[in-house]
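Novice: File follows, data-v6.csv with CSV, C-alpha atoms:
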```csv
chain,number,residue,atom,x,y,z
A,1,MET,CA,11.2,34.8,23.1
A,2,ASN,CA,13.0,31.5,23.3
A,3,ILE,CA,14.9,30.1,20.4
A,4,ILE,CA,16.3,26.6,20.1
A,5,THR,CA,18.8,25.7,17.3
A,6,ILE,CA,19.5,22.1,16.5
A,7,SER,CA,22.6,21.1,14.7
A,8,ARG,CA,22.9,17.4,14.0
A,9,GLU,CA,24.8,14.6,12.4
A,10,PHE,CA,23.0,13.0,9.4
A,11,GLY,CA,20.9,10.1,10.6
A,12,SER,CA,21.1,10.9,14.3
A,13,GLY,CA,17.4,11.7,14.6
A,14,GLY,CA,17.9,15.4,15.2
A,15,ARG,CA,15.0,16.4,12.9
A,16,GLU,CA,12.5,14.0,14.5
A,17,LEU,CA,13.7,15.1,18.0
A,18,GLY,CA,13.2,18.8,16.9
A,19,LYS,CA,9.6,18.1,15.7
A,20,ARG,CA,8.6,16.2,18.8
A,21,LEU,CA,10.2,18.9,21.1
A,22,ALA,CA,8.3,21.6,19.2
A,23,GLU,CA,5.0,19.8,19.7
A,24,ILE,CA,5.6,19.3,23.4
A,25,LEU,CA,6.6,22.9,24.0
A,26,ASP,CA,4.2,24.4,21.5
A,27,TYR,CA,7.0,26.2,19.7
A,28,ASP,CA,7.1,27.1,16.0
A,29,TYR,CA,9.2,24.6,14.0
A,30,TYR,CA,11.4,25.5,11.0
A,31,ASP,CA,13.3,23.1,8.8
A,32,ARG,CA,12.0,22.5,5.3
A,33,GLU,CA,9.9,25.6,5.8
A,34,ILE,CA,13.0,27.7,5.2
A,35,ILE,CA,13.6,26.1,1.9
A,36,THR,CA,10.0,26.7,0.9
A,37,GLU,CA,10.3,30.4,1.7
A,38,ILE,CA,13.5,30.8,-0.2
A,39,ALA,CA,12.1,29.1,-3.3
A,40,LYS,CA,9.0,31.3,-3.2
A,41,ARG,CA,11.1,34.5,-2.9
A,42,HIS,CA,13.3,33.5,-5.9
A,43,ASN,CA,10.5,31.9,-7.9
A,44,VAL,CA,12.5,28.6,-8.2
A,45,ASP,CA,11.9,25.0,-7.5
A,46,GLU,CA,12.3,23.9,-3.9
A,47,ASP,CA,14.3,20.9,-4.9
A,48,TYR,CA,16.8,23.2,-6.7
A,49,VAL,CA,17.1,25.3,-3.5
A,50,GLU,CA,17.6,22.3,-1.3
A,51,HIS,CA,20.1,20.7,-3.6
A,52,THR,CA,22.1,23.9,-3.9
A,53,LEU,CA,22.3,24.6,-0.2
A,54,ASN,CA,22.6,21.0,1.0
A,55,ASN,CA,25.2,20.0,-1.5
A,56,HIS,CA,27.1,23.3,-1.2
A,57,VAL,CA,27.9,23.9,-4.9
A,58,TRP,CA,28.9,27.4,-3.9
A,59,GLN,CA,31.7,26.1,-1.7
A,60,THR,CA,34.0,26.1,-4.7
A,61,TYR,CA,34.0,29.9,-4.3
A,62,THR,CA,36.5,31.6,-2.0
A,63,LEU,CA,34.0,33.3,0.3
A,64,SER,CA,32.9,33.8,3.8
A,65,PHE,CA,30.4,35.9,5.6
A,66,HIS,CA,33.3,37.8,7.2
A,67,HIS,CA,35.2,38.8,4.1
A,68,SER,CA,34.3,38.2,0.5
A,69,PHE,CA,30.6,37.4,0.8
A,70,MET,CA,29.6,40.8,-0.5
A,71,SER,CA,32.4,41.0,-3.0
A,72,PRO,CA,31.3,42.1,-6.5
A,73,ILE,CA,32.8,38.9,-7.8
A,74,TYR,CA,30.1,36.8,-6.0
A,75,ILE,CA,27.3,39.2,-5.1
A,76,ASN,CA,25.2,38.3,-8.1
A,77,ALA,CA,26.0,34.6,-8.2
A,78,PRO,CA,22.8,32.6,-8.0
A,79,ASP,CA,24.1,30.1,-5.5
A,80,VAL,CA,25.4,32.8,-3.2
A,81,ASN,CA,22.1,34.7,-3.5
A,82,LEU,CA,20.4,31.6,-2.1
A,83,LEU,CA,22.8,31.4,0.8
A,84,ARG,CA,22.3,35.0,1.5
A,85,GLU,CA,18.5,34.6,1.3
A,86,GLN,CA,18.7,31.7,3.8
A,87,ARG,CA,20.4,34.0,6.3
A,88,LEU,CA,17.8,36.7,5.8
A,89,VAL,CA,14.9,34.2,6.3
A,90,ILE,CA,16.5,32.8,9.5
A,91,GLU,CA,16.9,36.3,10.9
A,92,GLU,CA,13.3,37.2,10.0
A,93,ILE,CA,12.1,34.1,11.9
A,94,ALA,CA,14.0,35.3,15.0
A,95,ASN,CA,12.6,38.8,14.6
A,96,ASN,CA,9.1,37.4,14.8
A,97,LYS,CA,9.7,37.2,18.5
A,98,LYS,CA,7.9,33.8,18.9
A,99,ASN,CA,9.3,30.7,20.6
A,100,CYS,CA,10.7,28.5,17.9
A,101,ILE,CA,13.0,25.6,17.0
A,102,ILE,CA,15.3,25.9,13.9
A,103,VAL,CA,16.9,22.8,12.6
A,104,GLY,CA,20.2,23.1,10.8
A,105,ARG,CA,21.3,25.9,8.5
A,106,ASN,CA,23.9,27.1,11.1
A,107,ALA,CA,21.2,29.1,12.8
A,108,ASP,CA,23.2,28.9,16.1
A,109,VAL,CA,25.9,31.0,14.4
A,110,LEU,CA,23.6,33.4,12.6
A,111,LEU,CA,21.4,34.1,15.7
A,112,HIS,CA,24.2,34.2,18.2
A,113,ASP,CA,23.1,37.7,19.4
A,114,LYS,CA,19.6,36.3,20.2
A,115,ASN,CA,21.1,34.0,22.8
A,116,PRO,CA,19.5,30.7,21.6
A,117,LEU,CA,19.8,27.4,23.3
A,118,ASN,CA,22.1,25.5,20.9
A,119,LEU,CA,21.9,21.7,20.8
A,120,PHE,CA,24.0,19.3,18.8
A,121,ILE,CA,22.5,15.8,18.1
A,122,CYS,CA,24.8,12.9,17.3
A,123,ALA,CA,24.8,9.1,17.3
A,124,ASP,CA,27.1,6.1,16.7
A,125,MET,CA,27.6,5.2,13.1
A,126,ASP,CA,25.7,1.9,13.3
A,127,ALA,CA,22.7,3.7,14.8
A,128,LYS,CA,22.8,6.4,12.1
A,129,ILE,CA,23.0,3.8,9.3
A,130,LYS,CA,20.1,1.8,10.9
A,131,ARG,CA,17.9,5.0,11.0
A,132,CYS,CA,18.8,5.8,7.3
A,133,GLN,CA,17.9,2.2,6.3
A,134,GLU,CA,14.5,2.4,8.0
A,135,ARG,CA,13.7,5.7,6.4
A,136,ALA,CA,15.2,5.1,2.9
A,137,THR,CA,13.2,6.0,-0.2
A,138,GLY,CA,13.9,5.7,-3.9
A,139,ASP,CA,17.3,4.5,-4.9
A,140,GLU,CA,18.5,4.6,-1.2
A,141,LYS,CA,16.3,1.5,-0.5
A,142,SER,CA,19.0,-0.6,-2.3
A,143,PHE,CA,22.0,1.0,-0.6
A,144,THR,CA,24.5,-1.2,1.2
A,145,TYR,CA,25.8,-0.5,4.7
A,146,LYS,CA,29.0,0.8,3.1
A,147,GLN,CA,27.0,3.2,0.8
A,148,PHE,CA,25.0,4.6,3.7
A,149,LYS,CA,28.2,5.2,5.6
A,150,LYS,CA,29.8,7.0,2.7
A,151,MET,CA,26.7,9.2,2.3
A,152,ILE,CA,26.6,10.1,6.0
A,153,LYS,CA,30.3,11.0,6.0
A,154,ARG,CA,29.9,13.1,2.8
A,155,ILE,CA,26.9,15.1,4.2
A,156,ASP,CA,28.5,15.7,7.6
A,157,LYS,CA,31.7,16.8,5.9
A,158,ASN,CA,29.7,19.3,3.9
A,159,ARG,CA,28.1,20.6,7.1
A,160,ALA,CA,31.4,21.0,8.8
A,161,ARG,CA,32.8,22.8,5.7
A,162,THR,CA,29.8,25.3,5.8
A,163,ARG,CA,30.4,26.0,9.4
A,164,TYR,CA,34.1,26.7,8.7
A,165,LEU,CA,33.2,29.2,6.1
A,166,ILE,CA,30.8,31.3,8.1
A,167,ALA,CA,32.1,31.0,11.6
A,168,ASP,CA,35.2,30.6,13.7
A,169,GLY,CA,33.7,27.7,15.7
A,170,GLU,CA,34.1,24.1,14.6
A,171,TRP,CA,31.0,22.1,13.7
A,172,GLY,CA,30.3,19.4,16.3
A,173,ASN,CA,32.9,20.9,18.8
A,174,ARG,CA,31.5,20.8,22.3
A,175,ASN,CA,32.5,24.3,23.0
A,176,SER,CA,30.0,25.6,20.4
A,177,TYR,CA,26.9,24.2,22.0
A,178,HIS,CA,25.0,24.2,25.3
A,179,LEU,CA,24.1,20.5,25.1
A,180,ILE,CA,25.3,17.6,23.1
A,181,ILE,CA,22.9,14.6,22.9
A,182,ASN,CA,23.9,11.1,21.7
A,183,THR,CA,20.6,9.5,20.6
A,184,THR,CA,22.2,6.0,20.3
A,185,GLY,CA,19.9,3.5,22.1
A,186,TRP,CA,17.3,6.1,22.9
A,187,ASP,CA,13.6,6.1,21.9
A,188,ILE,CA,13.3,9.6,20.3
A,189,GLU,CA,9.8,10.1,21.7
A,190,GLN,CA,10.9,9.4,25.3
A,191,LEU,CA,14.1,11.5,24.8
A,192,SER,CA,12.1,14.5,23.6
A,193,ILE,CA,10.0,14.4,26.8
A,194,ALA,CA,13.1,14.5,29.0
A,195,LEU,CA,14.7,17.2,26.8
A,196,ALA,CA,11.6,19.3,27.1
A,197,GLU,CA,12.0,19.5,30.8
A,198,PHE,CA,15.6,20.5,30.5
A,199,VAL,CA,14.6,23.2,28.0
A,200,LYS,CA,12.0,24.7,30.3
A,201,ARG,CA,14.5,24.8,33.2
A,202,TRP,CA,17.3,26.2,31.0
A,203,PHE,CA,15.2,29.1,29.8
A,204,ALA,CA,13.7,29.8,33.2
A,205,GLU,CA,17.2,30.2,34.6
A,206,GLN,CA,18.3,32.4,31.7
A,207,ASN,CA,15.3,34.7,32.1
A,208,GLU,CA,16.1,35.1,35.7
A,209,LYS,CA,19.5,36.5,35.0
```
Represent the structure from my file as structure tokens, please.

Specialist:
Amino acid sequence: MNIITISREFGSGGRELGKRLAEILDYDYYDREIITEIAKRHNVDEDYVEHTLNNHVWQTYTLSFHHSFMSPIYINAPDVNLLREQRLVIEEIANNKKNCIIVGRNADVLLHDKNPLNLFICADMDAKIKRCQERATGDEKSFTYKQFKKMIKRIDKNRARTRYLIADGEWGNRNSYHLIINTTGWDIEQLSIALAEFVKRWFAEQNEK
């Protein structure tokens, strides 16, 4: 069983790269699917789950997986329950023993004992803003460059904060990943082809050890 986790800066193309890589390698792919499963288990709306986990309302609590996560103070809090359920879903995915790619959700930390290949996808700010502009929907279509930049920084700050709460490693720190990929100037489709070859060789070497 081979597991790839993809952590990424917002707007870097990490999600698209993950999808294309899964198609090339014929791996199962998990991203929004995790939100869907959590919503089904708790009988709540998917948008509510996504908003809660992505905007990290629960970060106002003093908690971490290491210490107070199971504290009676927080154990029945709805937001914390969703966070706990996310962890369970990710662990169940890994226990399926099928090759897969998991995007985001700090899967690299949660599945550390499964020895996944951990990737971090980044890009220059101009490249990230351009990607966001090209894919904007709804109110974001009218966003200015400055507004997109502010949004990207806010989302990435939340991701770094989450990482800090559940692990000792720093989000985006090169020591936390096997490979860091800067997508600036790259065609994602071509990049995914090259990355697929690297992945095959990496796992082949790991399986020989």

Novice: Do you know which residues are at most 10 Å from Arg15 in chain A counting only C-alpha atoms, after dropping those on the same chain fewer than 6 positions away, and could you put them as a ChimeraX atom specification?

Specialist: /A:6-9,21,30-31,102-104,121

Novice: Of the candidates A:Asn173, A:Gln206, A:Thr162, A:Thr184, which shows the shortest atom-to-atom distance to Gly11 in chain A, using all atoms listed in the file?

Specialist: A:Thr184

Novice: Taking all atoms listed in the file into account, which of A:Asp113, A:Glu197, A:Glu92, A:Asp187 comes nearest Leu25 in chain A?

Specialist: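 Closest residue, counting all atoms listed in the file: A:Glu197.
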
Novice: Counting all atoms listed in the file, figure out which residue out of A:Met151, A:Leu111, A:Ile166, A:Cys100 gets nearest to Leu83 in chain A.

Specialist: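 The answer is A:Ile166, which sits nearest to Leu83 in chain A.
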
Novice: Between CA of Tyr29 in chain A and CA of Ile90 in chain A, what is the distance, to one decimal in Å?

Specialist: 11.9 Å

Novice: Given only C-alpha atoms as the basis, pick out the residue of A:Asp28, A:Glu208, A:Asp126, A:Glu170 nearest to Ile152 in chain A.

Specialist: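 Under the stated criterion, the closest residue is A:Asp126.
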
Novice: At what distance in Å, to one decimal, does CA of Arg161 in chain A lie from CA of Gln147 in chain A?

Specialist: 21.0 Å

Novice: Report, in Å to a single decimal, how far apart CA of Lys114 in chain A and CA of Phe203 in chain A are.

Specialist: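 Answer for the CA of Phe203 in chain A to CA of Lys114 in chain A separation: 12.8 Å.
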
Novice: Which residue out of A:Thr183, A:Asn81, A:Thr52, A:Ser142 has the minimum interatomic distance to Ala123 in chain A when only C-alpha atoms are used?

Specialist: A:Thr183

Novice: Between A:Ser12, A:Arg201, A:Glu33, A:Glu23, which has the minimum distance to Asn99 in chain A (counting only C-alpha atoms)?

Specialist: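 Nearest candidate to Asn99 in chain A out of A:Ser12, A:Arg201, A:Glu33, A:Glu23: A:Glu23.
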
Novice: Need the shell around Arg41 in chain A: protein/DNA/RNA residues with any atom at most 12 Å away, counting only C-alpha atoms. Skip same-chain ones fewer than 5 positions apart. Format as a tab-separated table (two decimals) with C-alpha atoms, in the coordinates of the input?

Specialist:
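Everything below was put into selection-v4.tsv:
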```
chain	number	residue	atom	x	y	z
A	34	ILE	CA	13.00	27.70	5.20
A	35	ILE	CA	13.60	26.10	1.90
A	36	THR	CA	10.00	26.70	0.90
A	46	GLU	CA	12.30	23.90	-3.90
A	49	VAL	CA	17.10	25.30	-3.50
A	81	ASN	CA	22.10	34.70	-3.50
A	82	LEU	CA	20.40	31.60	-2.10
A	85	GLU	CA	18.50	34.60	1.30
A	86	GLN	CA	18.70	31.70	3.80
A	88	LEU	CA	17.80	36.70	5.80
A	89	VAL	CA	14.90	34.20	6.30
```

Novice: Please provide as a list in words all residues within 12 Å of Asn115 in chain A, with the sequence filter that same-chain residues fewer than 2 positions apart are discarded (counting only C-alpha atoms).

Specialist: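 In the requested format, the answer is Met1, Asn2, Ile3, Ile4, Thr5, Ala94, Ala107, Asp108, Val109, Leu110, Leu111, His112, Asp113, Leu117, Asn118, Tyr177, His178, Trp202, Phe203, Gln206 and Asn207 of chain A.
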
Novice: Using C-alpha atoms, can you export the residues from the last selection as a compact mmCIF listing (two decimals), in the coordinates of the input?

Specialist:
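Writing the result to selection-v4.txt gives the following:
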```
# COMPACT_ATOMS: atom_id res chain seq x y z
CA MET A 1 11.20 34.80 23.10
CA ASN A 2 13.00 31.50 23.30
CA ILE A 3 14.90 30.10 20.40
CA ILE A 4 16.30 26.60 20.10
CA THR A 5 18.80 25.70 17.30
CA ALA A 94 14.00 35.30 15.00
CA ALA A 107 21.20 29.10 12.80
CA ASP A 108 23.20 28.90 16.10
CA VAL A 109 25.90 31.00 14.40
CA LEU A 110 23.60 33.40 12.60
CA LEU A 111 21.40 34.10 15.70
CA HIS A 112 24.20 34.20 18.20
CA ASP A 113 23.10 37.70 19.40
CA LEU A 117 19.80 27.40 23.30
CA ASN A 118 22.10 25.50 20.90
CA TYR A 177 26.90 24.20 22.00
CA HIS A 178 25.00 24.20 25.30
CA TRP A 202 17.30 26.20 31.00
CA PHE A 203 15.20 29.10 29.80
CA GLN A 206 18.30 32.40 31.70
CA ASN A 207 15.30 34.70 32.10
```

Novice: Quick one: residues within 12 Å of Ile193 in chain A, only C-alpha atoms counted, chain neighbours fewer than 5 positions away excluded, as a count of residues only?

Specialist: 15
